[in-house]
>>> print(open('protein_38.cif').read())   # mmCIF, C-alpha atoms
data_coords
loop_
_atom_site.label_atom_id
_atom_site.label_comp_id
_atom_site.auth_asym_id
_atom_site.auth_seq_id
_atom_site.Cartn_x
_atom_site.Cartn_y
_atom_site.Cartn_z
CA MET A 10 14.10 -31.57 78.72
CA ASN A 11 13.96 -27.97 79.92
CA ILE A 12 14.05 -25.18 77.32
CA VAL A 13 14.55 -21.49 77.93
CA ILE A 14 13.40 -19.22 75.09
CA LEU A 15 14.85 -15.72 74.97
CA GLY A 16 12.54 -13.49 72.99
CA GLY A 17 9.72 -15.92 73.64
CA THR A 18 7.09 -13.17 73.88
CA GLY A 19 7.96 -11.77 70.44
CA PHE A 20 6.45 -12.58 67.05
CA ILE A 21 8.38 -15.79 66.27
CA GLY A 22 8.55 -16.66 69.97
CA ARG A 23 4.76 -16.66 70.40
CA ASN A 24 4.35 -19.11 67.54
CA LEU A 25 7.18 -21.33 68.76
CA VAL A 26 5.82 -21.43 72.32
CA ASN A 27 2.38 -22.34 70.98
CA MET A 28 3.79 -25.30 69.05
CA LEU A 29 6.10 -26.46 71.84
CA SER A 30 3.12 -26.57 74.21
CA SER A 31 2.05 -29.82 72.54
CA GLU A 32 5.54 -31.32 72.77
CA ASP A 33 7.16 -33.05 75.73
CA TYR A 34 9.25 -30.08 76.89
CA SER A 35 9.16 -27.81 79.90
CA VAL A 36 9.49 -24.23 78.66
CA LYS A 37 10.72 -21.15 80.50
CA VAL A 38 10.18 -17.69 79.01
CA PRO A 39 12.02 -14.76 80.64
CA THR A 40 10.36 -11.36 80.27
CA ARG A 41 10.93 -7.83 81.52
CA ASN A 42 7.20 -7.47 82.19
CA ARG A 43 5.58 -10.63 83.53
CA GLU A 44 2.26 -8.91 84.21
CA LYS A 45 1.95 -7.75 80.59
CA ASN A 46 2.55 -11.27 79.26
CA LYS A 47 0.36 -13.27 81.65
CA LYS A 48 -1.57 -14.71 78.70
CA PHE A 49 1.35 -17.11 78.19
CA LEU A 50 0.45 -18.86 81.44
CA VAL A 51 -2.38 -20.71 79.67
CA TYR A 52 0.23 -23.05 78.17
CA PRO A 53 0.95 -26.25 80.10
CA ARG A 54 4.50 -26.74 81.37
CA LEU A 55 5.37 -23.09 80.73
CA GLN A 56 7.05 -20.90 83.31
CA LEU A 57 6.99 -17.11 82.83
CA VAL A 58 9.85 -15.45 84.71
CA GLN A 59 10.53 -11.77 85.37
CA CYS A 60 14.09 -11.20 84.19
CA ASN A 61 16.41 -8.75 82.46
CA ILE A 62 18.25 -11.12 80.12
CA HIS A 63 20.89 -8.48 79.38
CA ASN A 64 22.01 -8.66 83.01
CA GLN A 65 24.66 -11.37 83.28
CA ASP A 66 23.77 -12.51 86.79
CA GLU A 67 20.03 -12.60 86.11
CA LEU A 68 20.50 -14.63 82.93
CA ILE A 69 22.76 -17.12 84.71
CA SER A 70 20.12 -17.51 87.41
CA VAL A 71 17.16 -17.97 85.05
CA THR A 72 18.99 -20.55 82.88
CA ARG A 73 20.47 -22.57 85.76
CA ASP A 74 18.18 -25.61 85.35
CA CYS A 75 17.92 -25.57 81.55
CA ASP A 76 19.19 -28.08 78.99
CA ILE A 77 18.44 -26.11 75.82
CA LEU A 78 18.58 -22.38 75.08
CA ILE A 79 16.81 -20.79 72.11
CA ASN A 80 17.68 -17.17 71.32
CA LEU A 81 15.09 -15.33 69.23
CA VAL A 82 15.91 -11.82 70.43
CA GLY A 83 16.25 -9.20 67.72
CA ILE A 84 15.20 -5.69 66.74
CA LEU A 85 14.62 -4.10 63.33
CA ASN A 86 15.11 -0.57 64.65
CA GLU A 87 16.78 1.05 67.63
CA ARG A 88 15.83 4.08 69.69
CA GLY A 89 18.88 6.05 68.59
CA PHE A 90 20.69 6.28 65.27
CA LYS A 91 24.29 5.22 65.98
CA GLY A 92 24.01 1.42 66.18
CA LYS A 93 24.38 1.14 69.96
CA GLY A 94 20.91 -0.38 70.35
CA PHE A 95 21.61 -3.04 67.72
CA GLU A 96 24.96 -3.76 69.32
CA ALA A 97 23.42 -4.25 72.77
CA VAL A 98 20.55 -6.48 71.60
CA HIS A 99 22.48 -8.57 69.07
CA SER A 100 26.26 -8.55 69.58
CA ASN A 101 26.52 -8.04 73.33
CA LEU A 102 23.64 -10.34 74.18
CA ALA A 103 25.28 -13.20 72.25
CA ARG A 104 28.29 -12.90 74.54
CA THR A 105 26.09 -12.75 77.66
CA ILE A 106 24.20 -15.84 76.49
CA LEU A 107 27.27 -17.96 75.86
CA HIS A 108 28.80 -16.99 79.19
CA ALA A 109 25.60 -18.13 80.95
CA CYS A 110 25.59 -21.36 78.92
CA LYS A 111 29.18 -22.10 79.86
CA VAL A 112 28.57 -21.40 83.55
CA ASN A 113 25.43 -23.59 83.59
CA ASN A 114 26.81 -26.30 81.29
CA ILE A 115 24.07 -25.83 78.67
CA LYS A 116 25.17 -27.91 75.70
CA ARG A 117 22.45 -27.07 73.15
CA VAL A 118 21.92 -23.57 71.72
CA LEU A 119 19.66 -22.53 68.84
CA HIS A 120 20.19 -19.00 67.57
CA MET A 121 18.13 -16.74 65.30
CA SER A 122 20.22 -14.70 62.88
CA ALA A 123 19.17 -13.28 59.49
CA LEU A 124 19.82 -13.84 55.81
CA ASN A 125 22.73 -11.62 54.70
CA ALA A 126 23.93 -11.19 58.31
CA ASN A 127 27.56 -10.23 57.99
CA SER A 128 30.00 -8.25 60.12
CA SER A 129 30.75 -6.07 57.08
CA GLY A 130 27.12 -5.70 55.95
CA PRO A 131 25.57 -2.39 54.82
CA SER A 132 23.44 -1.78 57.92
CA PHE A 133 23.83 -1.85 61.69
CA TYR A 134 21.17 -4.58 61.77
CA LEU A 135 23.04 -6.92 59.42
CA ARG A 136 26.47 -6.16 60.91
CA THR A 137 25.44 -6.80 64.51
CA LYS A 138 23.46 -9.90 63.53
CA GLY A 139 26.56 -11.12 61.71
CA ASP A 140 28.80 -10.37 64.68
CA ALA A 141 26.48 -12.25 67.04
CA GLU A 142 26.29 -15.25 64.71
CA SER A 143 30.06 -15.37 64.26
CA TYR A 144 30.65 -15.23 68.01
CA MET A 145 28.05 -17.93 68.64
CA HIS A 146 29.94 -20.36 66.41
CA THR A 147 33.59 -19.42 66.89
CA TYR A 148 33.33 -19.36 70.68
CA GLY A 149 30.16 -21.37 71.40
CA GLU A 150 31.24 -24.45 69.44
CA ARG A 151 34.04 -24.98 71.97
CA PHE A 152 31.56 -26.27 74.53
CA ALA A 153 28.07 -26.44 72.98
CA ASN A 154 26.17 -27.68 69.93
CA ILE A 155 25.08 -24.56 68.05
CA THR A 156 22.49 -24.24 65.28
CA THR A 157 21.86 -20.89 63.59
CA PHE A 158 18.83 -19.96 61.49
CA ARG A 159 19.28 -17.30 58.80
CA PRO A 160 15.79 -16.55 57.42
CA SER A 161 14.60 -14.01 54.91
CA VAL A 162 11.67 -11.92 56.20
CA VAL A 163 9.14 -13.91 58.24
CA PHE A 164 5.40 -13.35 57.85
CA GLY A 165 2.35 -14.31 59.90
CA LYS A 166 -0.24 -12.77 62.19
CA GLY A 167 1.31 -9.83 64.03
CA ASP A 168 4.49 -9.75 61.95
CA GLY A 169 6.64 -6.69 61.26
CA LEU A 170 6.15 -6.71 57.50
CA ILE A 171 2.56 -7.29 56.33
CA HIS A 172 1.11 -5.94 59.56
CA ARG A 173 3.19 -2.76 59.27
CA PHE A 174 2.24 -2.01 55.67
CA SER A 175 -1.38 -2.84 56.38
CA ASN A 176 -1.43 -0.18 59.09
CA LEU A 177 0.28 2.40 56.85
CA ILE A 178 -2.21 1.74 54.06
CA ASN A 179 -5.05 2.54 56.45
CA PHE A 180 -3.84 6.16 56.41
CA THR A 181 -3.14 6.34 52.67
CA PRO A 182 -5.90 7.83 50.45
CA PHE A 183 -4.88 7.31 46.79
CA TYR A 184 -1.12 6.95 46.31
CA PHE A 185 1.47 5.04 48.31
CA PRO A 186 5.04 6.37 47.84
CA LEU A 187 7.30 3.36 48.41
CA ALA A 188 11.00 3.39 49.19
CA CYS A 189 13.22 0.54 47.99
CA ALA A 190 10.35 -0.77 45.85
CA ASN A 191 12.58 -3.16 43.88
CA ALA A 192 14.22 -4.77 46.93
CA LYS A 193 13.60 -8.53 46.81
CA PHE A 194 12.55 -10.93 49.56
CA SER A 195 11.76 -14.64 49.95
CA PRO A 196 9.22 -14.55 52.81
CA ILE A 197 8.84 -17.54 55.14
CA TYR A 198 5.63 -18.39 56.99
CA VAL A 199 6.24 -18.23 60.73
CA ARG A 200 4.61 -21.59 61.43
CA ASP A 201 6.85 -23.31 58.87
CA LEU A 202 9.91 -21.70 60.43
CA SER A 203 8.78 -22.72 63.93
CA TYR A 204 8.32 -26.35 62.85
CA PHE A 205 11.82 -26.33 61.40
CA ILE A 206 13.30 -24.95 64.62
CA ILE A 207 11.53 -27.60 66.72
CA ASN A 208 12.71 -30.38 64.41
CA CYS A 209 16.30 -29.19 64.82
CA ILE A 210 16.28 -29.31 68.63
CA ASP A 211 17.18 -33.01 68.86
CA ASN A 212 18.61 -33.41 65.37
CA VAL A 213 22.33 -34.12 65.69
CA ASP A 214 22.79 -33.41 61.98
CA SER A 215 21.92 -29.77 62.69
CA TYR A 216 24.71 -29.33 65.24
CA GLN A 217 27.22 -26.59 64.29
CA LYS A 218 25.15 -25.76 61.19
CA ARG A 219 24.02 -22.41 59.80
CA TYR A 220 20.85 -22.62 57.70
CA ASN A 221 19.99 -20.09 55.01
CA LEU A 222 16.18 -20.18 54.91
CA CYS A 223 14.04 -18.77 52.09
CA GLY A 224 10.38 -19.14 51.23
CA PRO A 225 9.05 -20.68 48.00
CA LYS A 226 8.61 -17.40 46.08
CA VAL A 227 10.56 -14.21 45.49
CA TYR A 228 8.69 -10.90 45.72
CA THR A 229 9.76 -7.32 45.28
CA LEU A 230 8.70 -4.99 48.07
CA LYS A 231 6.33 -3.35 45.58
CA GLU A 232 4.67 -6.70 44.88
CA ILE A 233 4.23 -7.35 48.60
CA VAL A 234 2.62 -3.96 49.19
CA GLU A 235 0.36 -4.43 46.17
CA LEU A 236 -0.76 -7.78 47.58
CA VAL A 237 -1.69 -6.10 50.86
CA ILE A 238 -3.63 -3.41 48.98
CA HIS A 239 -5.41 -6.05 46.89
CA PHE A 240 -6.50 -8.16 49.85
CA LYS A 241 -7.60 -5.08 51.78
CA LYS A 242 -9.70 -4.15 48.72
CA ARG A 243 -8.32 -0.64 48.54
CA LYS A 244 -7.87 1.46 45.40
CA ILE A 245 -4.35 2.75 45.96
CA LYS A 246 -1.53 3.04 43.46
CA VAL A 247 2.02 2.27 44.58
CA ILE A 248 4.54 4.90 43.46
CA PRO A 249 8.15 3.58 43.53
CA LEU A 250 10.60 6.20 44.76
CA THR A 251 14.04 6.85 43.36
CA ASP A 252 17.03 5.95 45.48
CA ASN A 253 17.52 9.53 46.68
CA LEU A 254 13.84 9.91 47.54
CA SER A 255 13.87 6.50 49.26
CA ARG A 256 16.67 7.68 51.51
CA LEU A 257 14.83 10.93 52.21
CA GLN A 258 11.64 9.04 53.10
CA ALA A 259 13.64 6.79 55.43
CA TYR A 260 15.16 9.80 57.16
CA ILE A 261 11.75 11.40 57.71
CA MET A 262 9.93 8.22 58.77
CA GLN A 263 12.56 7.26 61.33
CA LEU A 264 11.61 10.45 63.21
CA LEU A 265 7.97 9.34 63.49
CA PRO A 266 6.59 7.38 66.48
CA GLY A 267 7.31 3.68 66.05
CA LYS A 268 9.89 4.29 63.30
CA PRO A 269 7.88 2.70 60.45
CA PHE A 270 10.99 2.95 58.23
CA SER A 271 14.54 4.07 58.94
CA ILE A 272 17.90 4.75 57.32
CA ASP A 273 19.09 1.42 58.69
CA ASN A 274 16.12 -0.37 57.06
CA TYR A 275 16.97 1.44 53.83
CA ASN A 276 20.60 0.26 54.08
CA SER A 277 19.48 -3.34 54.74
CA CYS A 278 17.39 -3.23 51.55
CA LYS A 279 20.53 -2.62 49.50
CA ILE A 280 21.02 -6.42 49.51
CA ASP A 281 18.20 -8.65 48.27
CA SER A 282 16.98 -11.02 50.98
CA THR A 283 16.88 -13.99 48.64
CA GLY A 284 19.02 -16.96 47.69
CA SER A 285 19.26 -20.72 47.81
CA SER A 286 17.44 -22.18 50.82
CA ASP A 287 18.92 -25.04 52.84
CA TYR A 288 15.40 -26.32 53.51
CA ASP A 289 12.26 -26.35 51.37
CA PHE A 290 9.32 -24.27 52.59
CA TYR A 291 6.01 -24.37 50.74
CA THR A 292 3.60 -21.80 52.20
CA GLU A 293 3.21 -18.85 49.84
CA LEU A 294 2.37 -15.38 51.09
CA GLU A 295 -0.94 -15.22 49.20
CA SER A 296 -2.33 -18.29 50.97
CA VAL A 297 -2.27 -16.80 54.49
CA ILE A 298 -1.98 -13.06 53.94
CA MET A 299 -5.52 -12.40 55.21
CA SER A 300 -4.49 -13.61 58.68
CA CYS A 301 -1.62 -11.07 58.67
CA ILE A 302 -3.58 -8.02 57.60
CA GLU A 303 -4.77 -5.53 60.16
CA ARG A 304 -8.19 -4.36 58.99
#
>>> encode(input="protein_38.cif", output="structure tokens")
Amino acid sequence: MNIVILGGTGFIGRNLVNMLSSEDYSVKVPTRNREKNKKFLVYPRLQLVQCNIHNQDELISVTRDCDILINLVGILNERGFKGKGFEAVHSNLARTILHACKVNNIKRVLHMSALNANSSGPSFYLRTKGDAESYMHTYGERFANITTFRPSVVFGKGDGLIHRFSNLINFTPFYFPLACANAKFSPIYVRDLSYFIINCIDNVDSYQKRYNLCGPKVYTLKEIVELVIHFKKRKIKVIPLTDNLSRLQAYIMQLLPGKPFSIDNYNSCKIDSTGSSDYDFYTELESVIMSCIER
């Protein structure tokens, strides 16, 4: 079977590709910059293809010989501030993907959404993720078998959570002012999530399903940051900010290079990323956090 993975060079994609390399699949990973991602060529039966997946014709061409499409594309922040970046990467891409699948008769689609994704959510991120997910199922189920994954935050080496705070702590001397300190998460280990995705590929029971996926423990954001500080062996005190100061910090930090925190992130934190999981995961953050920390 031939699989195309959109977002295959990203955080979850790298882990999924690594695991699929030992399975009996031929994998194709489109990328805007093939030269930059040449390290993927070490995997057997993997084809790295230069492609702009947001271009309808290019996506149709690159998926022409594929049986299965996995969409992992997503962003936590956009270049601007009006939601257009989120809309392009989440909502519009979902429509481009399903058109390509219909043209090329691809009957199996696995899609990465997010816990709390909802078209009426509090942030551009959650609204556009919700719009993409809804379109995938309402339109895609007419001709394909769709499975959607709705995880809480995902952690692992090179992630956007532990890795980000680890870097920020490197520049913090004594006190760490933290926005949205009481926001709650149920983090999932990226390898556990990748195994679950692979097991769903041929599982007919997963067709037309949407899975809410949460890790084994609930942490506040303050507890997560304190864990990072502890394992980095730093003497730093976390100072929770009020709601107004949290919003102010988000506004300031979204103007910095790399947008370490933004108003949209702040709005996403208004809803706890926790709940009842449709599958049991067992890896706790403490057991692998050292592999996630940037020293």
>>> resolve_selection(input="protein_38.cif", expression="the PyMOL selection byres ((chain A and resi 167) around 12)", output="ChimeraX atom specification")
/A:18-24,163-166,168-176,198-199,298-303
>>> residues_around(input="protein_38.cif", residues="Gln217 of chain A", least_positions_apart="2", cutoff="9 Å", atoms="all atoms listed in the file", output="number ranges by chain")
A: 146, 150, 153-157, 214-215, 219
>>> closest_atom_pairs(input="protein_38.cif", of="segment 59-112 of chain A", to="segment 29-42 of chain A", cutoff="12 Å", atoms="all atoms listed in the file", output="CSV")
residue,atom,partner,partner_atom,distance
A:Gln59,CA,A:Thr40,CA,5.1
A:Cys60,CA,A:Arg41,CA,5.3
A:Asn61,CA,A:Arg41,CA,5.6
A:Ile62,CA,A:Pro39,CA,7.2
A:His63,CA,A:Arg41,CA,10.2
A:Asn64,CA,A:Arg41,CA,11.2
A:Glu67,CA,A:Pro39,CA,9.9
A:Leu68,CA,A:Pro39,CA,8.8
A:Ile69,CA,A:Pro39,CA,11.7
A:Ser70,CA,A:Pro39,CA,10.9
A:Val71,CA,A:Pro39,CA,7.5
A:Thr72,CA,A:Lys37,CA,8.6
A:Arg73,CA,A:Lys37,CA,11.2
A:Asp74,CA,A:Lys37,CA,10.0
A:Cys75,CA,A:Lys37,CA,8.5
A:Asp76,CA,A:Ser35,CA,10.1
A:Ile77,CA,A:Val36,CA,9.6
A:Leu78,CA,A:Lys37,CA,9.6
A:Ile79,CA,A:Val38,CA,10.1
A:Asn80,CA,A:Val38,CA,10.8
A:Leu81,CA,A:Val38,CA,11.2
A:Val82,CA,A:Thr40,CA,11.3
>>> residues_around(input="protein_38.cif", residues="His108 of chain A", least_positions_apart="5", cutoff="10 Å", atoms="only C-alpha atoms", output="PyMOL selection string")
chain A and resi 65+68-69+102-103+113-114+148-149
>>> write_last_selection(input="protein_38.cif", atoms="C-alpha atoms", output="CSV table (one decimal), in the coordinates of the input")
chain,number,residue,atom,x,y,z
A,65,GLN,CA,24.7,-11.4,83.3
A,68,LEU,CA,20.5,-14.6,82.9
A,69,ILE,CA,22.8,-17.1,84.7
A,102,LEU,CA,23.6,-10.3,74.2
A,103,ALA,CA,25.3,-13.2,72.2
A,113,ASN,CA,25.4,-23.6,83.6
A,114,ASN,CA,26.8,-26.3,81.3
A,148,TYR,CA,33.3,-19.4,70.7
A,149,GLY,CA,30.2,-21.4,71.4
>>> resolve_selection(input="protein_38.cif", expression="the PyMOL selection byres ((chain A and resi 203) around 8)", output="VMD selection string")
chain A and resid 21 24 to 25 28 199 to 202 204 to 207
>>> atom_distance(input="protein_38.cif", atom1="atom CA of Ile261 of chain A", atom2="atom CA of Ala123 of chain A")
25.8 Å
>>> residues_around(input="protein_38.cif", residues="Phe158 of chain A", least_positions_apart="2", cutoff="8 Å", atoms="all atoms listed in the file", output="list in words")
Leu119, His120, Met121, Ser122, Ala123, Thr156, Pro160, Arg219, Tyr220, Asn221 and Leu222 of chain A
>>> residues_around(input="protein_38.cif", residues="Asp289 of chain A", least_positions_apart="3", cutoff="10 Å", atoms="all atoms listed in the file", output="mmCIF file with C-alpha atoms, keeping the file's coordinate frame")
data_model
loop_
_atom_site.group_PDB
_atom_site.id
_atom_site.type_symbol
_atom_site.label_atom_id
_atom_site.label_comp_id
_atom_site.auth_asym_id
_atom_site.auth_seq_id
_atom_site.Cartn_x
_atom_site.Cartn_y
_atom_site.Cartn_z
ATOM 1 C CA ASP A 201 6.850 -23.310 58.870
ATOM 2 C CA LEU A 222 16.180 -20.180 54.910
ATOM 3 C CA CYS A 223 14.040 -18.770 52.090
ATOM 4 C CA GLY A 224 10.380 -19.140 51.230
ATOM 5 C CA PRO A 225 9.050 -20.680 48.000
ATOM 6 C CA SER A 285 19.260 -20.720 47.810
ATOM 7 C CA SER A 286 17.440 -22.180 50.820
ATOM 8 C CA THR A 292 3.600 -21.800 52.200
#
>>> resolve_selection(input="protein_38.cif", expression="the PyMOL selection byres ((chain A and resi 177-179) around 12)", output="CSV table (one decimal) with C-alpha atoms, keeping the file's coordinate frame")
chain,number,residue,atom,x,y,z
A,169,GLY,CA,6.6,-6.7,61.3
A,170,LEU,CA,6.2,-6.7,57.5
A,171,ILE,CA,2.6,-7.3,56.3
A,172,HIS,CA,1.1,-5.9,59.6
A,173,ARG,CA,3.2,-2.8,59.3
A,174,PHE,CA,2.2,-2.0,55.7
A,175,SER,CA,-1.4,-2.8,56.4
A,176,ASN,CA,-1.4,-0.2,59.1
A,180,PHE,CA,-3.8,6.2,56.4
A,181,THR,CA,-3.1,6.3,52.7
A,182,PRO,CA,-5.9,7.8,50.4
A,183,PHE,CA,-4.9,7.3,46.8
A,184,TYR,CA,-1.1,7.0,46.3
A,185,PHE,CA,1.5,5.0,48.3
A,186,PRO,CA,5.0,6.4,47.8
A,187,LEU,CA,7.3,3.4,48.4
A,234,VAL,CA,2.6,-4.0,49.2
A,235,GLU,CA,0.4,-4.4,46.2
A,236,LEU,CA,-0.8,-7.8,47.6
A,237,VAL,CA,-1.7,-6.1,50.9
A,238,ILE,CA,-3.6,-3.4,49.0
A,239,HIS,CA,-5.4,-6.0,46.9
A,240,PHE,CA,-6.5,-8.2,49.8
A,241,LYS,CA,-7.6,-5.1,51.8
A,242,LYS,CA,-9.7,-4.2,48.7
A,243,ARG,CA,-8.3,-0.6,48.5
A,244,LYS,CA,-7.9,1.5,45.4
A,245,ILE,CA,-4.4,2.8,46.0
A,246,LYS,CA,-1.5,3.0,43.5
A,247,VAL,CA,2.0,2.3,44.6
A,262,MET,CA,9.9,8.2,58.8
A,267,GLY,CA,7.3,3.7,66.0
A,268,LYS,CA,9.9,4.3,63.3
A,269,PRO,CA,7.9,2.7,60.4
A,270,PHE,CA,11.0,3.0,58.2
A,302,ILE,CA,-3.6,-8.0,57.6
A,303,GLU,CA,-4.8,-5.5,60.2
A,304,ARG,CA,-8.2,-4.4,59.0
>>> atom_distance(input="protein_38.cif", atom1="atom CA of Asn101 of chain A", atom2="atom CA of Arg88 of chain A")
16.6 Å
>>> atom_distance(input="protein_38.cif", atom1="atom CA of Pro266 of chain A", atom2="atom CA of Tyr134 of chain A")
19.4 Å
>>> closest_residue(input="protein_38.cif", among="A:Asn191, A:Ser129, A:Gln258, A:Ser100", to="Met145 of chain A", atoms="only C-alpha atoms")
A:Ser100
>>> build_atoms(input="protein_38.cif", residues="segment 36-44 of chain A", atoms="all heavy atoms", output="CSV table (one decimal), keeping the file's coordinate frame")
chain,number,residue,atom,x,y,z
A,36,VAL,N,9.0,-25.5,79.3
A,36,VAL,CA,9.5,-24.2,78.7
A,36,VAL,C,9.5,-23.1,79.7
A,36,VAL,O,8.5,-22.9,80.4
A,36,VAL,CB,8.6,-23.8,77.5
A,36,VAL,CG1,9.1,-22.5,76.8
A,36,VAL,CG2,8.6,-25.0,76.4
A,37,LYS,N,10.6,-22.3,79.7
A,37,LYS,CA,10.7,-21.2,80.5
A,37,LYS,C,10.9,-19.9,79.6
A,37,LYS,O,11.8,-20.0,78.7
A,37,LYS,CB,11.9,-21.3,81.5
A,37,LYS,CG,12.1,-20.1,82.4
A,37,LYS,CD,13.3,-20.3,83.3
A,37,LYS,CE,13.2,-21.4,84.3
A,37,LYS,NZ,14.4,-21.4,85.2
A,38,VAL,N,10.1,-18.9,79.8
A,38,VAL,CA,10.2,-17.7,79.0
A,38,VAL,C,10.5,-16.5,79.9
A,38,VAL,O,9.6,-16.1,80.7
A,38,VAL,CB,8.9,-17.4,78.2
A,38,VAL,CG1,9.0,-16.1,77.5
A,38,VAL,CG2,8.6,-18.6,77.3
A,39,PRO,N,11.7,-16.0,79.9
A,39,PRO,CA,12.0,-14.8,80.6
A,39,PRO,C,11.4,-13.5,80.0
A,39,PRO,O,11.3,-13.5,78.8
A,39,PRO,CB,13.6,-14.7,80.6
A,39,PRO,CG,14.0,-16.0,80.0
A,39,PRO,CD,12.9,-16.5,79.2
A,40,THR,N,11.0,-12.6,80.8
A,40,THR,CA,10.4,-11.4,80.3
A,40,THR,C,10.6,-10.2,81.2
A,40,THR,O,10.7,-10.4,82.4
A,40,THR,CB,8.8,-11.5,80.1
A,40,THR,OG1,8.3,-10.3,79.7
A,40,THR,CG2,8.2,-12.0,81.3
A,41,ARG,N,10.8,-9.0,80.7
A,41,ARG,CA,10.9,-7.8,81.5
A,41,ARG,C,9.6,-7.5,82.2
A,41,ARG,O,9.7,-6.8,83.3
A,41,ARG,CB,11.4,-6.6,80.7
A,41,ARG,CG,12.8,-6.6,80.3
A,41,ARG,CD,13.1,-5.4,79.5
A,41,ARG,NE,14.5,-5.3,79.0
A,41,ARG,CZ,15.5,-4.7,79.6
A,41,ARG,NH1,15.2,-4.1,80.8
A,41,ARG,NH2,16.7,-4.7,79.1
A,42,ASN,N,8.5,-7.9,81.6
A,42,ASN,CA,7.2,-7.5,82.2
A,42,ASN,C,6.3,-8.7,82.3
A,42,ASN,O,5.6,-9.0,81.3
A,42,ASN,CB,6.6,-6.4,81.3
A,42,ASN,CG,5.4,-5.7,82.0
A,42,ASN,OD1,4.7,-6.4,82.8
A,42,ASN,ND2,5.1,-4.5,81.7
A,43,ARG,N,6.4,-9.4,83.4
A,43,ARG,CA,5.6,-10.6,83.5
A,43,ARG,C,4.1,-10.3,83.5
A,43,ARG,O,3.3,-11.1,82.9
A,43,ARG,CB,6.0,-11.3,84.8
A,43,ARG,CG,5.4,-12.7,85.0
A,43,ARG,CD,5.9,-13.4,86.3
A,43,ARG,NE,5.4,-14.7,86.4
A,43,ARG,CZ,4.2,-15.1,86.8
A,43,ARG,NH1,3.3,-14.2,87.2
A,43,ARG,NH2,3.9,-16.4,86.9
A,44,GLU,N,3.7,-9.2,84.1
A,44,GLU,CA,2.3,-8.9,84.2
A,44,GLU,C,1.7,-8.7,82.8
A,44,GLU,O,0.6,-9.2,82.5
A,44,GLU,CB,2.1,-7.6,85.0
A,44,GLU,CG,0.6,-7.3,85.4
A,44,GLU,CD,0.0,-8.3,86.4
A,44,GLU,OE1,0.8,-9.0,87.1
A,44,GLU,OE2,-1.2,-8.4,86.3
